[in-house]
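Have a look at entry-v4.txt below; it lists compact mmCIF, C-alpha atoms.
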# COMPACT_ATOMS: atom_id res chain seq x y z
CA MET A 26 8.62 54.91 45.07
CA LYS A 27 8.47 55.61 41.35
CA LEU A 28 10.35 52.43 40.70
CA LEU A 29 7.86 50.46 42.82
CA LYS A 30 4.91 51.95 40.88
CA LEU A 31 6.58 51.07 37.62
CA LEU A 32 7.18 47.53 38.84
CA ILE A 33 3.52 47.15 39.91
CA ILE A 34 2.32 48.41 36.54
CA LEU A 35 4.67 46.04 34.71
CA VAL A 36 3.72 42.98 36.78
CA GLY A 37 0.04 43.89 36.53
CA GLY A 38 0.35 44.30 32.78
CA VAL A 39 2.02 40.93 32.39
CA LEU A 40 -0.63 39.26 34.54
CA VAL A 41 -3.46 40.85 32.57
CA ALA A 42 -1.81 39.81 29.30
CA PHE A 43 -1.51 36.20 30.42
CA ASN A 44 -5.00 36.09 31.82
CA THR A 45 -6.60 37.28 28.60
CA LYS A 46 -8.38 34.32 27.07
CA ALA A 47 -8.26 34.09 23.30
CA PRO A 48 -11.74 33.82 21.80
CA ALA A 49 -12.57 30.18 21.20
CA SER A 50 -15.41 28.41 19.49
CA LYS A 51 -16.53 24.84 19.92
CA TRP A 52 -17.73 22.53 17.21
CA VAL A 53 -18.87 18.97 17.59
CA ILE A 54 -18.41 16.04 15.24
CA TYR A 55 -22.05 15.11 14.85
CA LYS A 56 -22.16 12.28 12.33
CA ALA A 57 -20.07 9.57 10.73
CA CYS A 58 -16.83 10.77 9.20
CA SER A 59 -14.73 9.04 6.60
CA LEU A 60 -11.21 8.64 5.37
CA LYS A 61 -10.25 7.59 1.86
CA VAL A 62 -6.82 6.63 0.63
CA ASN A 63 -6.13 6.50 -3.09
CA GLY A 64 -3.00 4.80 -4.36
CA SER A 65 -1.68 2.94 -7.35
CA THR A 66 0.62 0.14 -8.41
CA ASN A 67 2.03 -0.48 -11.87
CA VAL A 68 -0.88 -2.88 -12.50
CA ASN A 69 -3.87 -1.19 -10.89
CA LYS A 70 -5.28 1.64 -8.85
CA PHE A 71 -6.82 1.14 -5.47
CA ASP A 72 -8.87 3.10 -3.02
CA CYS A 73 -9.33 2.13 0.55
CA VAL A 74 -11.91 3.67 2.85
CA ILE A 75 -12.93 3.88 6.44
CA ASN A 76 -16.54 4.83 6.02
CA SER A 77 -18.14 4.92 9.36
CA TYR A 78 -15.85 6.61 11.79
CA TYR A 79 -18.03 8.11 14.43
CA LYS A 80 -16.68 9.26 17.73
CA PRO A 81 -18.57 12.24 19.10
CA ASP A 82 -15.78 14.68 19.76
CA THR A 83 -15.37 18.40 20.20
CA LEU A 84 -13.15 20.54 18.02
CA CYS A 85 -12.02 23.87 19.41
CA PHE A 86 -10.97 26.79 17.26
CA ILE A 87 -8.96 29.45 19.03
CA GLN A 88 -8.18 32.73 17.33
CA ASN A 89 -5.75 35.17 18.91
CA SER A 90 -5.82 37.69 16.08
CA GLN A 91 -7.05 38.01 12.53
CA GLN A 92 -3.48 37.82 11.25
CA GLU A 93 -2.55 34.57 12.95
CA PRO A 94 -3.77 31.13 11.95
CA VAL A 95 -6.64 29.72 13.96
CA ARG A 96 -5.41 27.19 16.46
CA MET A 97 -7.35 23.98 16.55
CA THR A 98 -7.71 21.07 18.92
CA GLY A 99 -9.20 17.65 18.30
CA ALA A 100 -8.23 14.51 16.43
CA MET A 101 -9.49 11.56 14.41
CA LYS A 102 -8.28 8.22 15.71
CA LEU A 103 -8.93 5.58 13.11
CA ASP A 104 -8.46 1.82 13.24
CA ILE A 105 -6.17 0.61 10.46
CA ASN A 106 -8.14 -2.64 10.55
CA SER A 107 -11.27 -0.75 9.50
CA PHE A 108 -9.83 0.01 6.07
CA ASP A 109 -11.75 -1.58 3.23
CA CYS A 110 -10.12 -1.70 -0.21
CA HIS A 111 -13.14 -3.44 -1.86
CA ASN A 112 -10.99 -6.53 -2.38
CA PRO A 113 -10.09 -8.75 0.59
CA MET A 114 -6.54 -9.35 -0.68
CA MET A 115 -5.83 -5.66 -1.19
CA THR A 116 -7.34 -4.88 2.21
CA ALA A 117 -5.14 -7.46 3.91
CA ASP A 118 -2.11 -6.23 1.99
CA LEU A 119 -2.68 -2.60 2.99
CA ARG A 120 -3.09 -3.56 6.65
CA LYS A 121 0.16 -5.50 6.49
CA THR A 122 1.95 -2.62 4.77
CA LEU A 123 0.72 -0.14 7.37
CA LYS A 124 1.90 -2.49 10.14
CA ALA A 125 -1.59 -2.73 11.63
CA LYS A 126 -0.58 -5.36 14.18
CA GLN A 127 2.16 -3.16 15.62
CA PHE A 128 0.48 0.21 15.13
CA PRO A 129 -3.30 -0.28 14.94
CA LYS A 130 -4.25 3.43 14.85
CA LEU A 131 -3.97 6.17 12.29
CA ILE A 132 -4.26 9.49 14.08
CA ILE A 133 -4.99 12.80 12.40
CA LYS A 134 -4.48 15.58 14.89
CA PHE A 135 -5.77 19.01 13.90
CA ILE A 136 -3.35 21.82 14.67
CA SER A 137 -4.46 24.96 12.87
CA LEU A 138 -6.47 26.53 10.08
CA SER A 139 -5.50 29.48 7.94
CA LYS A 140 -8.90 31.11 8.58
CA TYR A 141 -11.79 30.67 10.95
CA PRO A 142 -14.35 28.42 9.22
CA GLN A 143 -17.40 30.23 7.90
CA LEU A 144 -20.75 28.58 7.31
CA LYS A 145 -20.38 28.92 3.57
CA GLY A 146 -18.38 27.32 0.77
CA GLN A 147 -14.76 28.14 1.34
CA GLN A 148 -11.31 26.83 0.57
CA ILE A 149 -8.69 27.17 3.24
CA THR A 150 -5.54 25.45 4.35
CA GLY A 151 -4.54 24.00 7.67
CA LEU A 152 -1.91 22.12 9.53
CA VAL A 153 -2.42 18.55 10.73
CA GLN A 154 -0.21 16.00 12.35
CA ILE A 155 -0.58 12.49 10.98
CA GLU A 156 0.60 9.55 13.01
CA LEU A 157 0.99 6.33 11.05
CA ALA A 158 3.06 3.22 11.64
CA GLY A 159 4.69 4.79 14.67
CA VAL A 160 5.83 7.94 12.85
CA SER A 161 4.32 11.41 13.30
CA LYS A 162 4.58 14.10 10.69
CA LYS A 163 3.05 17.52 10.15
CA PHE A 164 1.41 18.35 6.84
CA GLN A 165 -0.18 21.35 5.24
CA VAL A 166 -3.66 20.25 4.14
CA ASP A 167 -6.10 21.81 1.67
CA TYR A 168 -9.59 22.03 3.11
CA GLN A 169 -12.90 22.48 1.38
CA LEU A 170 -15.66 23.72 3.60
CA ILE A 171 -19.08 22.68 2.38
CA PRO A 172 -22.20 23.93 4.18
CA SER A 173 -24.41 21.03 5.22
CA GLY A 174 -27.49 22.29 7.00
CA ALA A 175 -28.07 24.76 9.79
CA ASN A 176 -24.85 25.58 11.66
CA ALA A 177 -23.17 22.56 10.14
CA LEU A 178 -20.23 22.09 7.83
CA GLN A 179 -18.54 19.31 5.99
CA LEU A 180 -14.80 19.74 6.37
CA LYS A 181 -13.06 17.93 3.54
CA GLY A 182 -9.28 17.65 3.84
CA LEU A 183 -7.07 16.62 0.93
CA LYS A 184 -3.39 15.80 1.01
CA GLU A 185 -0.86 13.80 -0.95
CA ILE A 186 1.45 11.89 1.35
CA LYS A 187 4.07 9.23 0.72
CA PHE A 188 4.65 5.83 2.25
CA SER A 189 8.26 6.91 2.69
CA ASP A 190 7.16 9.91 4.84
CA PHE A 191 6.34 7.29 7.48
CA ASN A 192 9.36 5.07 6.86
CA ILE A 193 7.14 2.53 5.12
CA GLU A 194 8.58 0.70 2.14
CA PRO A 195 5.93 0.61 -0.62
CA PRO A 196 5.15 -3.07 -1.24
CA ARG A 197 6.76 -4.84 -4.21
CA LYS A 198 5.81 -8.29 -5.42
CA ILE A 199 7.29 -11.05 -7.58
CA GLY A 200 10.83 -9.81 -7.57
CA GLY A 201 9.85 -6.15 -7.75
CA MET A 202 7.99 -6.61 -11.05
CA ILE A 203 4.80 -5.33 -9.38
CA LYS A 204 5.46 -2.12 -7.51
CA THR A 205 3.24 0.10 -5.43
CA ASN A 206 3.86 3.79 -6.05
CA ASP A 207 5.08 5.79 -3.11
CA GLU A 208 2.39 8.48 -3.40
CA LEU A 209 -0.96 8.22 -1.65
CA ASP A 210 -3.80 10.72 -1.79
CA ILE A 211 -5.71 10.97 1.41
CA GLU A 212 -9.10 12.56 1.78
CA PHE A 213 -10.90 12.89 5.08
CA ASN A 214 -14.38 14.18 5.70
CA LEU A 215 -15.56 15.58 8.96
CA HIS A 216 -19.13 16.59 9.64
CA ILE A 217 -19.11 19.29 12.27
CA LYS A 218 -21.74 21.43 13.93
CA ILE A 219 -21.20 24.62 15.84
CA ILE A 220 -21.94 24.64 19.57
CA ASN A 221 -20.74 28.12 20.44
CA ASP A 222 -19.30 30.72 18.09
CA ILE A 223 -16.53 33.23 18.75
CA MET B 18 28.09 -34.48 -14.91
CA LYS B 19 29.76 -31.62 -16.75
CA LYS B 20 27.14 -31.89 -19.47
CA VAL B 21 24.34 -31.84 -16.91
CA LEU B 22 25.73 -28.68 -15.31
CA LEU B 23 26.44 -26.93 -18.60
CA SER B 24 23.09 -27.71 -20.16
CA GLY B 25 21.42 -26.74 -16.85
CA LEU B 26 23.25 -23.43 -16.86
CA GLY B 27 22.41 -22.75 -20.51
CA ALA B 28 18.74 -23.62 -20.02
CA GLY B 29 18.67 -21.57 -16.81
CA PHE B 30 19.98 -18.52 -18.62
CA ILE B 31 17.44 -18.84 -21.43
CA LEU B 32 14.56 -19.49 -19.01
CA PHE B 33 15.66 -16.53 -16.92
CA LEU B 34 15.54 -14.20 -19.94
CA MET B 35 12.20 -15.63 -20.99
CA SER B 36 10.64 -15.34 -17.56
CA TYR B 37 12.01 -11.84 -16.95
CA PHE B 38 10.92 -10.38 -20.27
CA GLY B 39 7.75 -12.50 -20.32
CA LEU B 40 6.72 -11.06 -16.97
CA MET B 41 7.61 -7.56 -18.08
CA ILE B 42 5.51 -7.89 -21.23
CA GLY B 43 2.68 -9.60 -19.36
CA ILE B 44 2.53 -6.85 -16.74
CA ARG B 45 2.71 -4.17 -19.42
CA TYR B 46 -0.03 -5.53 -21.67
CA PHE B 47 -2.20 -7.61 -19.33
CA PRO B 48 -1.95 -5.77 -15.99
CA GLU B 49 -5.35 -7.04 -14.85
CA LEU B 50 -3.92 -10.59 -14.63
CA PHE B 51 -1.45 -9.43 -11.99
CA VAL B 52 -3.75 -7.51 -9.66
CA GLU B 53 -4.24 -10.59 -7.47
CA TYR B 54 -0.55 -10.48 -6.53
CA ASN B 55 -1.36 -7.54 -4.24
CA ASN B 56 -1.87 -10.09 -1.56
CA PRO B 57 -0.06 -10.46 1.77
CA LEU B 58 0.75 -14.07 0.85
CA PHE B 59 3.45 -12.74 -1.43
CA ASN B 60 6.67 -11.38 -0.05
CA SER B 61 6.59 -7.59 -0.35
CA ASP B 62 9.75 -6.22 1.21
CA GLY B 63 12.13 -7.16 -1.61
CA SER B 64 14.20 -9.42 0.64
CA ARG B 65 13.61 -12.43 -1.63
CA ASP B 66 13.95 -10.79 -5.04
CA LEU B 67 17.25 -12.55 -5.74
CA LEU B 68 15.75 -15.91 -4.82
CA PHE B 69 12.83 -15.22 -7.12
CA PHE B 70 15.06 -14.49 -10.09
CA MET B 71 17.16 -17.58 -9.35
CA HIS B 72 14.18 -19.88 -9.89
CA PRO B 73 14.89 -20.54 -13.62
CA PHE B 74 18.37 -21.79 -12.72
CA ILE B 75 17.15 -24.01 -9.87
CA MET B 76 14.52 -25.48 -12.16
CA SER B 77 16.94 -25.92 -15.06
CA PHE B 78 19.57 -27.77 -13.01
CA ALA B 79 16.91 -30.11 -11.63
CA LEU B 80 15.43 -30.70 -15.09
CA SER B 81 18.88 -31.15 -16.61
CA TRP B 82 19.64 -33.94 -14.12
CA PHE B 83 16.22 -35.49 -14.76
CA TRP B 84 16.83 -35.34 -18.52
CA ALA B 85 20.27 -36.99 -18.23
CA ARG B 86 18.78 -39.77 -16.12
CA PHE B 87 15.70 -40.53 -18.25
CA LYS B 88 16.40 -39.11 -21.72
CA LYS B 89 16.32 -42.57 -23.29
CA LEU B 90 12.61 -42.74 -22.54
CA PHE B 91 11.89 -39.70 -24.69
CA ARG B 92 12.03 -40.74 -28.32
CA GLY B 93 11.37 -39.10 -31.67
CA ALA B 94 12.10 -35.69 -33.12
CA ILE B 95 13.54 -32.91 -30.96
CA PHE B 96 10.21 -31.10 -30.75
CA LEU B 97 8.36 -34.26 -29.65
CA ARG B 98 11.02 -35.15 -27.08
CA GLY B 99 10.88 -31.61 -25.61
CA LEU B 100 7.10 -31.61 -25.53
CA GLU B 101 6.87 -35.03 -23.88
CA PHE B 102 9.51 -34.06 -21.35
CA GLY B 103 7.54 -30.94 -20.44
CA PHE B 104 4.35 -32.94 -20.22
CA VAL B 105 5.91 -35.53 -17.90
CA TYR B 106 7.27 -32.79 -15.64
CA ALA B 107 3.90 -31.03 -15.60
CA ILE B 108 2.01 -34.21 -14.64
CA VAL B 109 4.52 -35.65 -12.18
CA ALA B 110 5.69 -32.51 -10.42
CA LEU B 111 3.57 -29.49 -11.24
CA LEU B 112 0.08 -30.89 -10.97
CA PRO B 113 0.37 -32.28 -7.41
CA VAL B 114 2.17 -29.17 -6.18
CA MET B 115 -0.36 -26.84 -7.77
CA TRP B 116 -3.17 -28.98 -6.37
CA ILE B 117 -1.95 -28.70 -2.81
CA THR B 118 -1.12 -25.01 -3.27
CA PHE B 119 -4.60 -24.18 -4.55
CA SER B 120 -6.27 -26.23 -1.85
CA SER B 121 -4.38 -24.59 0.98
CA LEU B 122 -3.71 -20.99 -0.05
CA ASP B 123 -6.14 -18.19 -0.71
CA ILE B 124 -5.33 -17.76 -4.39
CA THR B 125 -7.53 -17.78 -7.46
CA PHE B 126 -7.94 -20.55 -10.03
CA LEU B 127 -6.69 -18.17 -12.71
CA MET B 128 -3.49 -17.59 -10.79
CA ILE B 129 -2.79 -21.28 -10.18
CA SER B 130 -3.60 -22.10 -13.83
CA SER B 131 -1.13 -19.46 -14.98
CA TRP B 132 1.57 -20.98 -12.75
CA PHE B 133 0.83 -24.43 -14.14
CA LEU B 134 1.04 -23.23 -17.74
CA TYR B 135 4.15 -21.17 -16.97
CA GLY B 136 5.89 -24.25 -15.50
CA PHE B 137 4.78 -26.44 -18.38
CA PHE B 138 6.05 -23.91 -20.91
CA GLN B 139 9.38 -23.57 -19.12
CA SER B 140 9.88 -27.35 -18.98
CA VAL B 141 9.06 -27.75 -22.70
CA ILE B 142 11.64 -25.07 -23.55
CA ALA B 143 14.18 -26.76 -21.27
CA GLY B 144 13.34 -30.15 -22.84
CA LEU B 145 13.89 -28.79 -26.36
CA LEU B 146 17.27 -27.37 -25.34
CA PHE B 147 18.34 -30.60 -23.66
CA ALA B 148 17.24 -32.65 -26.67
CA LYS B 149 19.38 -30.39 -28.83
CA ILE B 150 22.55 -30.08 -26.72
CA ASN B 151 22.46 -33.34 -24.75
CA PRO B 152 20.64 -35.82 -26.98
Would you give me this structure, written as structure tokens?
Amino acid sequence: MKLLKLLIILVGGVLVAFNTKAPASKWVIYKACSLKVNGSTNVNKFDCVINSYYKPDTLCFIQNSQQEPVRMTGAMKLDINSFDCHNPMMTADLRKTLKAKQFPKLIIKFISLSKYPQLKGQQITGLVQIELAGVSKKFQVDYQLIPSGANALQLKGLKEIKFSDFNIEPPRKIGGMIKTNDELDIEFNLHIKIINDI
Amino acid sequence: MKKVLLSGLGAGFILFLMSYFGLMIGIRYFPELFVEYNNPLFNSDGSRDLLFFMHPFIMSFALSWFWARFKKLFRGAIFLRGLEFGFVYAIVALLPVMWITFSSLDITFLMISSWFLYGFFQSVIAGLLFAKINP
């Protein structure tokens, strides 16, 4: 009988533990977001932007405990063909390099944040998964949180990535005399508004 | 024939050095002139690098044969013969090719002009060498 009671308590405990919902908050992307890529060659520097990404989407932040990172759901799905490098040749070259015909989307999937975002200036880090040219990779990103109105934040993510992280050969022209450097700085800006707080 | 091949090889080697170091210096000191090469028209995966660096030899062998065939038409001092040879090549071969290239590809006038001048300069150098070693 004692054993049965113990078993009931154990099973009940497990069920309660699994049924406990972690506190979650929902934020919505409420206005146009952007992505900027800065790179360089041995003859110039370039920056390419996607300025008007707007897909109303919900981001969820789930926090199990203060010690653990905040889990995050949501993603930016950007068209490679929307990149503008302010020079038609450079734009076409970047699209070709990023294999836009084969892999037309650049996807930034949000995985976690080191802290729950506060409605004040803050610098935090987070984990994202970037999918580019058919390759997915996780990166630690530095975020700047900038308050932008009532219950709204600008989430600015900065990260240096490499073409080679995605098995992309940096372009080289005229016998390799003109070379694109492997490093790229990416900066994405999300404008989010809180729907319901934790 | 031996003379054609040898002078072609010699000119090819000199033109190769000149084009390699000329490009290096050009890119180092006038990088803005090379920005337009970031264009998908140009091969970017490195698969044709060897072919690119072979171009001075291909050009030199062709010019060496042309020189051997028509050298009697170029008279005067070595400098004049080399200059006229380069000029003939530029008018007969370069100009029409550059014309059709510019009219059909999305490249700038500055770029096509630099190719024309580069080809003219190369052919003058080759002409001077041929006038010296295969008069």
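With all atoms listed in the file as the atoms that count, the residue of A:Asn221, A:Asn214, A:Ser107, A:Thr122 with the shortest distance to Asn56 of chain B is A:Thr122.
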With all atoms listed in the file counted and 6 Å as the cut-off, give the residues of chain B in contact with chain A, each with its shortest interatomic distance in Å and the pair that gives it, as JSON lines.
{"residue": "B:Pro48", "atom": "CA", "partner": "A:Val68", "partner_atom": "CA", "distance": 4.7}
{"residue": "B:Asn55", "atom": "CA", "partner": "A:Met115", "partner_atom": "CA", "distance": 5.7}
{"residue": "B:Asn56", "atom": "CA", "partner": "A:Met114", "partner_atom": "CA", "distance": 4.8}
{"residue": "B:Pro57", "atom": "CA", "partner": "A:Asp118", "partner_atom": "CA", "distance": 4.7}
{"residue": "B:Ser61", "atom": "CA", "partner": "A:Arg197", "partner_atom": "CA", "distance": 4.7}
{"residue": "B:Asp66", "atom": "CA", "partner": "A:Gly200", "partner_atom": "CA", "distance": 4.1}
{"residue": "B:Phe69", "atom": "CA", "partner": "A:Gly200", "partner_atom": "CA", "distance": 5.8}
Residue neighbourhood Gly27 of chain B, 10 Å, all atoms listed in the file, exclusion window fewer than 6 positions, as JSON, numbers by chain: {"B": [21, 33, 74, 77, 78, 81, 143, 146, 147, 150]}
Dump of C-alpha atoms for the selected residues, as a PDB file, in the coordinates of the input:
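Saved file result.pdb follows:
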ATOM      1  CA  VAL B  21      24.340 -31.840 -16.910  1.00  0.00           C
ATOM      2  CA  PHE B  33      15.660 -16.530 -16.920  1.00  0.00           C
ATOM      3  CA  PHE B  74      18.370 -21.790 -12.720  1.00  0.00           C
ATOM      4  CA  SER B  77      16.940 -25.920 -15.060  1.00  0.00           C
ATOM      5  CA  PHE B  78      19.570 -27.770 -13.010  1.00  0.00           C
ATOM      6  CA  SER B  81      18.880 -31.150 -16.610  1.00  0.00           C
ATOM      7  CA  ALA B 143      14.180 -26.760 -21.270  1.00  0.00           C
ATOM      8  CA  LEU B 146      17.270 -27.370 -25.340  1.00  0.00           C
ATOM      9  CA  PHE B 147      18.340 -30.600 -23.660  1.00  0.00           C
ATOM     10  CA  ILE B 150      22.550 -30.080 -26.720  1.00  0.00           C
TER      11      ILE B 150
END
Counting all atoms listed in the file, what is within 8 Å of Glu185 of chain A, bar same-chain residues fewer than 3 positions away, as a PyMOL selection string? chain A and resi 208-211
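Taking atom CA of Phe191 of chain A and atom CA of Gln127 of chain A as the two end points, the separation is 13.9 Å.
The coordinates place atom CA of Lys218 of chain A at 17.5 Å from atom CA of Ser77 of chain A.
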Leaving out Met97 of chain A and any residue of its chain fewer than 4 positions from it, which residues lie within 9 Å of it when counting all atoms listed in the file, given as a PyMOL selection string? chain A and resi 84-88+135-138
Pick from B:Asp123, B:Val52, B:Leu97, B:Met18, whichever lies nearest to Lys149 of chain B using all atoms listed in the file: B:Leu97
Around the point (19.3, -29.2, -17.3) (coordinates from the file), which residues reach within 12 Å if we count all atoms listed in the file? Answer as a ChimeraX atom specification. /B:18-32,73-88,102,139-152
How would the residues just chosen look if you wrote them out with C-alpha atoms as a PDB file, in the coordinates of the input?
ATOM      1  CA  MET B  18      28.090 -34.480 -14.910  1.00  0.00           C
ATOM      2  CA  LYS B  19      29.760 -31.620 -16.750  1.00  0.00           C
ATOM      3  CA  LYS B  20      27.140 -31.890 -19.470  1.00  0.00           C
ATOM      4  CA  VAL B  21      24.340 -31.840 -16.910  1.00  0.00           C
ATOM      5  CA  LEU B  22      25.730 -28.680 -15.310  1.00  0.00           C
ATOM      6  CA  LEU B  23      26.440 -26.930 -18.600  1.00  0.00           C
ATOM      7  CA  SER B  24      23.090 -27.710 -20.160  1.00  0.00           C
ATOM      8  CA  GLY B  25      21.420 -26.740 -16.850  1.00  0.00           C
ATOM      9  CA  LEU B  26      23.250 -23.430 -16.860  1.00  0.00           C
ATOM     10  CA  GLY B  27      22.410 -22.750 -20.510  1.00  0.00           C
ATOM     11  CA  ALA B  28      18.740 -23.620 -20.020  1.00  0.00           C
ATOM     12  CA  GLY B  29      18.670 -21.570 -16.810  1.00  0.00           C
ATOM     13  CA  PHE B  30      19.980 -18.520 -18.620  1.00  0.00           C
ATOM     14  CA  ILE B  31      17.440 -18.840 -21.430  1.00  0.00           C
ATOM     15  CA  LEU B  32      14.560 -19.490 -19.010  1.00  0.00           C
ATOM     16  CA  PRO B  73      14.890 -20.540 -13.620  1.00  0.00           C
ATOM     17  CA  PHE B  74      18.370 -21.790 -12.720  1.00  0.00           C
ATOM     18  CA  ILE B  75      17.150 -24.010  -9.870  1.00  0.00           C
ATOM     19  CA  MET B  76      14.520 -25.480 -12.160  1.00  0.00           C
ATOM     20  CA  SER B  77      16.940 -25.920 -15.060  1.00  0.00           C
ATOM     21  CA  PHE B  78      19.570 -27.770 -13.010  1.00  0.00           C
ATOM     22  CA  ALA B  79      16.910 -30.110 -11.630  1.00  0.00           C
ATOM     23  CA  LEU B  80      15.430 -30.700 -15.090  1.00  0.00           C
ATOM     24  CA  SER B  81      18.880 -31.150 -16.610  1.00  0.00           C
ATOM     25  CA  TRP B  82      19.640 -33.940 -14.120  1.00  0.00           C
ATOM     26  CA  PHE B  83      16.220 -35.490 -14.760  1.00  0.00           C
ATOM     27  CA  TRP B  84      16.830 -35.340 -18.520  1.00  0.00           C
ATOM     28  CA  ALA B  85      20.270 -36.990 -18.230  1.00  0.00           C
ATOM     29  CA  ARG B  86      18.780 -39.770 -16.120  1.00  0.00           C
ATOM     30  CA  PHE B  87      15.700 -40.530 -18.250  1.00  0.00           C
ATOM     31  CA  LYS B  88      16.400 -39.110 -21.720  1.00  0.00           C
ATOM     32  CA  PHE B 102       9.510 -34.060 -21.350  1.00  0.00           C
ATOM     33  CA  GLN B 139       9.380 -23.570 -19.120  1.00  0.00           C
ATOM     34  CA  SER B 140       9.880 -27.350 -18.980  1.00  0.00           C
ATOM     35  CA  VAL B 141       9.060 -27.750 -22.700  1.00  0.00           C
ATOM     36  CA  ILE B 142      11.640 -25.070 -23.550  1.00  0.00           C
ATOM     37  CA  ALA B 143      14.180 -26.760 -21.270  1.00  0.00           C
ATOM     38  CA  GLY B 144      13.340 -30.150 -22.840  1.00  0.00           C
ATOM     39  CA  LEU B 145      13.890 -28.790 -26.360  1.00  0.00           C
ATOM     40  CA  LEU B 146      17.270 -27.370 -25.340  1.00  0.00           C
ATOM     41  CA  PHE B 147      18.340 -30.600 -23.660  1.00  0.00           C
ATOM     42  CA  ALA B 148      17.240 -32.650 -26.670  1.00  0.00           C
ATOM     43  CA  LYS B 149      19.380 -30.390 -28.830  1.00  0.00           C
ATOM     44  CA  ILE B 150      22.550 -30.080 -26.720  1.00  0.00           C
ATOM     45  CA  ASN B 151      22.460 -33.340 -24.750  1.00  0.00           C
ATOM     46  CA  PRO B 152      20.640 -35.820 -26.980  1.00  0.00           C
TER      47      PRO B 152
END
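Going from atom CA of Ser173 of chain A to atom CA of Asp72 of chain A covers 25.1 Å.
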Find the residues around Asp167 of chain A up to 8 Å (all atoms listed in the file counted), leave out those fewer than 4 positions away in its own chain, and share them as a PyMOL selection string. chain A and resi 148-151+182-184
For each of A:Thr98, A:Ser65, A:Asn206, A:Ser50, take the minimum atom-to-atom distance to Pro142 of chain A, counting only C-alpha atoms, then give the residue where this is smallest.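 So, comparing all the options, the nearest one is A:Ser50.
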Give me the box for segment 22-34 of chain B as JSON, namely the centre and edge lengths in Å to one decimal of a box along x, y and z that holds every listed atom plus 4 Å on each side.
{"center_x": 20.5, "center_y": -21.4, "center_z": -18.4, "size_x": 19.9, "size_y": 22.5, "size_z": 14.1}
Nearest to Val153 of chain A: which of A:Phe188, A:Phe108, A:Phe213, A:Tyr55 is it, counting all atoms listed in the file?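 Among A:Phe188, A:Phe108, A:Phe213, A:Tyr55, it is A:Phe213 that comes nearest to Val153 of chain A.
Distances to Phe70 of chain B were evaluated for B:Val109, B:Ser121, B:Phe137, B:Ser36 using all atoms listed in the file, and the minimum falls at B:Ser36.
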